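Asker: Submitted below is the structure of interest, expressed as structure tokens.
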Amino acid sequence: MAHNTVVVGLQWGDEGKGKIVDSLADRFDFVVRFQGGHNAGHTLTVNSHKTVLHLLPSGILRDDVTNVIAHGVVLSPKDLVNEIFSLEQNGIEVFSRLLVSMDCPLILPCHIALDQARENSLGKKKIGTTGRGIGPAYEDKVARRGLKLHEIVEPDYCNARIDEIYDYHNFWLENYYNTKPVDAYIIKEQLREFTEFIQPILSDTVTYLHDQNQRSDVRMLFEGAQGSLLDIDVGTYPFVTSSNTLAGAVTTGTGLGPLDINEVYGVAKAYTTRVGSGPFPTELNDETGTKLASRGNEFGSTTGRPRRCGWLDVVALRRAIKLNSVTRLYLTKLDVLDQIKTVKICVGYNETTSTASADRWEHFEPEYEELAGWMLDTSNIDTLEKLPPNAQAFIDKLEQLLEVPIASISTGPSRDARIEIEPLSATT
């Protein structure tokens with residue numbers, strides 16, 4: 001059997017999963033994206049060149065890796081085409097190394113219109129979505145009215161399905177949100193062109209991945225989007241994304257079984273960030289928060305929105321580790337803390353609860369443990385021993401609190417700016 005590993009974010013997204021997947025991908029044969037849509041933004045920096053991916057798996061910059069977009073991903077045809085063309089214009093071959101599931105639900109312009117109209121109607125209570133139609137597309141999937149990728153190859157049937165979907169959503173746009181309806185003609189023409197584009201890489205990825213899984217010489221890396229605290233079921237509901245972001249979503253998002261997963265790698269920043277609305281117990285609305293945002297270049301890869309910044313929340317992190325059965329931890333952006341005199345870690349709240357609902361989180365008051373900062377440059381340090389003593393003490397404290405080994409520490413945005421503490425062997 002193949003050796004399969006999942007990479008998941010353990011916070012509210014933006015943990016640096018893309019960099020971790022890219023840095024690990026040369027040791028794997030396949031990188032598989034299993035959920036989310038183009039609301040994800042994975043930034044990869046290789047040889048000082050920055051590439052931002054939204055739909056394509058983060059193994060696409062590795063020449064010998066086959067990349068798969070599985071059926072758990074909601075797909076925007078226009079954005080997939082643009083992303084592929086953008087990479088190929090920069091000399092990166094995509095088509096020969098990409099497969100796309102024929103069962104991916106499609107994001108249509110009516111989904112985008114509904115997403116934006118809904119957010120606008122909520123005012124101060126808005127969720128903070130990217131406005132890219134992700135939620136409505138997942139809603140249509142669950143309501144059994146969504147359009148799946150394999151349906152577009154039959155134009156007459158596809159056009160009839162589009163009319164049904166547009167009639168439904170335009171009714172809501174006009175009569176509930178008091179906005180203009182969306183014309184179905186444009187997407188029909190776009191899908192006609194998209195059919196020719198996508199057919200060479202269209203695949204029954206469930207069968208394909210199971211076939212690969214039978215080979216003992218194969219290693220597959222599964223990549224999620226967003227973070228565990230944004231999971232639709234166990235995140236800070238309702239301020240969450242519209243899909244399951246945990247490692248368990250690999251089974252529903254790809255068709256592999258639970259016993260096919262060998263390891264789960266969790267990714268977390270050395271502090272915490274959040275984009276959009278929702279509770280954030282350790283948020284810093286002060287000079288330190290501003291410094292973290294500036295040093296960490298904390299702006300969303302997808303929307304450019306500024307990220308809210310705060311201290312590392314070990315309580316939330318421990319919960320995410322349990323929810324994902326994390327076996328190894330990858331810590332990112334340690335270097336952002338270089339100029340912080342006193343580093344705080346949230347080790348408890350003023351109350352405990354088993355639920356992650358937002359209305360409970362709003363009442364949490366964090367309890368902190370303080371550590372002396374190191375006030376030295378750690379960027380691009382490549383061994384643990386070279387880190388300042390106080391930075392090493394910070395790492396030791398985290399391992400004690402989290403009870404999971406830290407396998408790697410990122411000390412800069414580039415692919416090679418990392419400290420490997422527990423390198424991968426040939427068999428794990």
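Numbering starts fresh at 1 for the residues of each chain in the structure tokens, the chains themselves are lettered A, B, ... in the order given, and ligands are numbered from 1 as they appear.
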As a ChimeraX atom specification, please: every residue in stretch 160-409 of chain A that DSSP puts in helix (DSSP H, G or I).
Answerer: /A:160-175,184-201,205-213,228-230,249-254,258-260,287-295,314-324,334-337,358-361,384-386,389-402
Asker: Put those residues in a file: C-alpha atoms, as an mmCIF file, in the first residue's frame.
Answerer:
```cif
data_model
loop_
_atom_site.group_PDB
_atom_site.id
_atom_site.type_symbol
_atom_site.label_atom_id
_atom_site.label_comp_id
_atom_site.auth_asym_id
_atom_site.auth_seq_id
_atom_site.Cartn_x
_atom_site.Cartn_y
_atom_site.Cartn_z
ATOM 1 C CA ALA A 160 -31.145 23.060 -18.999
ATOM 2 C CA ARG A 161 -29.507 22.449 -15.618
ATOM 3 C CA ILE A 162 -28.054 25.968 -15.606
ATOM 4 C CA ASP A 163 -31.489 27.442 -16.301
ATOM 5 C CA GLU A 164 -32.926 25.579 -13.313
ATOM 6 C CA ILE A 165 -30.133 26.763 -11.005
ATOM 7 C CA TYR A 166 -30.343 30.365 -12.218
ATOM 8 C CA ASP A 167 -34.125 30.482 -11.883
ATOM 9 C CA TYR A 168 -33.768 29.453 -8.257
ATOM 10 C CA HIS A 169 -30.995 31.868 -7.313
ATOM 11 C CA ASN A 170 -32.352 34.794 -9.312
ATOM 12 C CA PHE A 171 -35.636 34.464 -7.432
ATOM 13 C CA TRP A 172 -33.738 35.016 -4.171
ATOM 14 C CA LEU A 173 -31.581 37.796 -5.588
ATOM 15 C CA GLU A 174 -34.592 39.752 -6.863
ATOM 16 C CA ASN A 175 -37.210 39.037 -4.223
ATOM 17 C CA ALA A 184 -27.312 32.679 -17.569
ATOM 18 C CA TYR A 185 -26.198 33.211 -21.169
ATOM 19 C CA ILE A 186 -22.634 34.257 -20.302
ATOM 20 C CA ILE A 187 -21.830 31.169 -18.216
ATOM 21 C CA LYS A 188 -23.297 28.888 -20.914
ATOM 22 C CA GLU A 189 -20.853 30.331 -23.437
ATOM 23 C CA GLN A 190 -17.954 30.121 -20.988
ATOM 24 C CA LEU A 191 -18.675 26.484 -20.152
ATOM 25 C CA ARG A 192 -18.822 25.591 -23.833
ATOM 26 C CA GLU A 193 -15.228 26.809 -24.199
ATOM 27 C CA PHE A 194 -14.205 25.349 -20.845
ATOM 28 C CA THR A 195 -15.361 21.875 -21.915
ATOM 29 C CA GLU A 196 -12.697 21.700 -24.609
ATOM 30 C CA PHE A 197 -10.087 23.044 -22.198
ATOM 31 C CA ILE A 198 -10.773 20.654 -19.325
ATOM 32 C CA GLN A 199 -11.442 17.342 -21.096
ATOM 33 C CA PRO A 200 -7.767 16.293 -21.476
ATOM 34 C CA ILE A 201 -7.249 16.451 -17.694
ATOM 35 C CA THR A 205 -9.957 10.589 -9.506
ATOM 36 C CA VAL A 206 -11.544 8.187 -6.985
ATOM 37 C CA THR A 207 -10.595 5.185 -9.097
ATOM 38 C CA TYR A 208 -7.249 6.751 -10.006
ATOM 39 C CA LEU A 209 -6.243 7.417 -6.384
ATOM 40 C CA HIS A 210 -7.329 3.937 -5.270
ATOM 41 C CA ASP A 211 -5.226 2.423 -8.043
ATOM 42 C CA GLN A 212 -2.214 4.444 -6.931
ATOM 43 C CA ASN A 213 -2.900 3.527 -3.316
ATOM 44 C CA SER A 228 -9.212 23.708 11.510
ATOM 45 C CA LEU A 229 -10.892 26.508 13.487
ATOM 46 C CA LEU A 230 -12.838 27.392 10.320
ATOM 47 C CA ALA A 249 -12.280 15.424 5.146
ATOM 48 C CA VAL A 250 -9.686 13.591 3.047
ATOM 49 C CA THR A 251 -11.940 10.534 3.021
ATOM 50 C CA THR A 252 -15.062 12.362 1.818
ATOM 51 C CA GLY A 253 -13.111 14.738 -0.399
ATOM 52 C CA THR A 254 -11.078 12.107 -2.273
ATOM 53 C CA PRO A 258 -9.856 6.388 6.845
ATOM 54 C CA LEU A 259 -7.377 3.531 7.181
ATOM 55 C CA ASP A 260 -5.554 4.739 4.070
ATOM 56 C CA GLU A 287 1.431 48.278 19.051
ATOM 57 C CA THR A 288 2.500 44.630 19.368
ATOM 58 C CA GLY A 289 -0.356 43.506 17.132
ATOM 59 C CA THR A 290 0.628 46.139 14.580
ATOM 60 C CA LYS A 291 4.242 44.966 14.709
ATOM 61 C CA LEU A 292 3.242 41.344 14.124
ATOM 62 C CA ALA A 293 1.107 42.365 11.150
ATOM 63 C CA SER A 294 3.903 44.454 9.652
ATOM 64 C CA ARG A 295 6.735 41.977 10.196
ATOM 65 C CA VAL A 314 -2.265 26.882 22.827
ATOM 66 C CA VAL A 315 -5.748 25.967 24.069
ATOM 67 C CA ALA A 316 -7.230 26.265 20.585
ATOM 68 C CA LEU A 317 -4.140 24.623 19.114
ATOM 69 C CA ARG A 318 -4.432 21.588 21.398
ATOM 70 C CA ARG A 319 -8.056 21.205 20.359
ATOM 71 C CA ALA A 320 -7.105 21.297 16.677
ATOM 72 C CA ILE A 321 -4.328 18.752 17.244
ATOM 73 C CA LYS A 322 -6.831 16.342 18.800
ATOM 74 C CA LEU A 323 -9.440 16.898 16.108
ATOM 75 C CA ASN A 324 -6.900 16.009 13.409
ATOM 76 C CA LEU A 334 9.159 32.148 14.101
ATOM 77 C CA ASP A 335 11.232 35.035 12.734
ATOM 78 C CA VAL A 336 8.243 37.404 13.037
ATOM 79 C CA LEU A 337 8.708 37.284 16.824
ATOM 80 C CA ALA A 358 -18.776 31.829 18.485
ATOM 81 C CA ASP A 359 -21.203 32.946 21.189
ATOM 82 C CA ARG A 360 -19.167 31.008 23.769
ATOM 83 C CA TRP A 361 -15.786 32.214 22.537
ATOM 84 C CA LEU A 384 18.069 24.378 15.947
ATOM 85 C CA GLU A 385 21.367 24.856 17.747
ATOM 86 C CA LYS A 386 21.954 28.198 15.999
ATOM 87 C CA PRO A 389 18.638 30.383 23.630
ATOM 88 C CA ASN A 390 15.357 32.161 24.326
ATOM 89 C CA ALA A 391 13.991 31.050 20.954
ATOM 90 C CA GLN A 392 14.996 27.479 21.776
ATOM 91 C CA ALA A 393 13.229 27.848 25.136
ATOM 92 C CA PHE A 394 10.084 28.987 23.277
ATOM 93 C CA ILE A 395 10.192 25.859 21.080
ATOM 94 C CA ASP A 396 10.750 23.605 24.110
ATOM 95 C CA LYS A 397 7.796 25.184 25.917
ATOM 96 C CA LEU A 398 5.509 24.610 22.937
ATOM 97 C CA GLU A 399 6.457 20.949 22.693
ATOM 98 C CA GLN A 400 5.743 20.525 26.406
ATOM 99 C CA LEU A 401 2.356 22.225 26.135
ATOM 100 C CA LEU A 402 1.247 20.567 22.886
#
```
Asker: Could you pull out the strand (DSSP E) residues of stretch 11-168 of chain A, going by DSSP on the backbone, and write them as a ChimeraX atom specification?
Answerer: /A:30-33,42-46,49-53,66-69,98-101
Asker: Residues near A:Gly91, anyone? I mean within 12 Å using only C-alpha atoms, not counting same-chain ones fewer than 3 positions away, as a list of chain:residue names.
Answerer: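 Residues near the query, excluding close chain neighbours: A:Ile60, A:Leu61, A:Asp63, A:Ile84, A:Phe85, A:Ser86, A:Leu87, A:Glu88, A:Val94.
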Asker: Extract, using only C-alpha atoms, all DNA, RNA and protein residues at most 7 Å from A:Ile406, discarding same-chain residues fewer than 6 positions from it, and format them as a list in words.
Answerer: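 Once the nearby chain positions are removed, what remains is Arg328, Leu329, Tyr330, Leu331 and Glu399 of chain A.
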Asker: With N, CA, C and O atoms retained, export the selected residues as a tab-separated table (two decimals), in the first residue's frame.
Answerer:
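And here is the file that came out, selection.tsv:
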```
chain	number	residue	atom	x	y	z
A	328	ARG	N	2.83	15.19	13.65
A	328	ARG	CA	3.99	16.07	13.61
A	328	ARG	C	3.50	17.50	13.42
A	328	ARG	O	2.51	17.75	12.74
A	329	LEU	N	4.23	18.44	14.02
A	329	LEU	CA	3.86	19.85	13.94
A	329	LEU	C	4.90	20.63	13.15
A	329	LEU	O	6.11	20.45	13.35
A	330	TYR	N	4.42	21.47	12.24
A	330	TYR	CA	5.29	22.36	11.48
A	330	TYR	C	4.98	23.80	11.92
A	330	TYR	O	3.87	24.29	11.72
A	331	LEU	N	5.97	24.43	12.53
A	331	LEU	CA	5.80	25.78	13.07
A	331	LEU	C	6.34	26.79	12.08
A	331	LEU	O	7.47	26.67	11.59
A	399	GLU	N	6.51	22.41	22.76
A	399	GLU	CA	6.46	20.95	22.69
A	399	GLU	C	5.91	20.37	24.00
A	399	GLU	O	5.15	19.39	23.99
```
Asker: Tell me, in Å to one decimal, how far atom CA of A:Gln11 is from atom CA of A:Leu312.
Answerer: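 Computing it gives 9.6 Å between the two atoms.
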Asker: Between A:Asn4, A:Thr282, A:Gln339, A:Thr51, which one has atoms that come closest to A:His363, using only C-alpha atoms?
Answerer: A:Thr282
Asker: So what do you get for atom CA of A:Gly133 versus atom CA of A:Ser242, distance-wise?
Answerer: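 Pair atom CA of A:Gly133 / atom CA of A:Ser242 returns 10.3 Å.
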Asker: In Å to one decimal, how far is atom CA of A:Phe222 from atom CA of A:Asp382?
Answerer: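 So the answer is 26.1 Å.
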Asker: Measuring atom to atom with only C-alpha atoms, identify which of A:Asn120, A:Thr236, A:Thr129, A:Asn244 is nearest to A:Gly224.
Answerer: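 Of A:Asn120, A:Thr236, A:Thr129, A:Asn244, the one nearest A:Gly224, counting only C-alpha atoms, is A:Asn244.
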Asker: So, with only C-alpha atoms as the atoms that count, which of A:Leu98, A:Leu147, A:Leu122, A:Ile127 lies closest to A:Val275?
Answerer: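 Once distances to A:Val275 are computed over only C-alpha atoms, the minimum belongs to A:Ile127.
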Asker: Which residue gives the smallest distance to A:His3 among A:Asp140, A:Tyr177, A:Asn262, A:Val65, with only C-alpha atoms counted?
Answerer: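 Ranked by minimum distance to A:His3, first place goes to A:Asn262.
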Asker: Taking only C-alpha atoms into account, which of A:Glu351, A:Asp338, A:Glu298, A:Glu223 comes nearest A:Arg274?
Answerer: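 For A:Arg274, the nearest of the given residues is A:Glu298.
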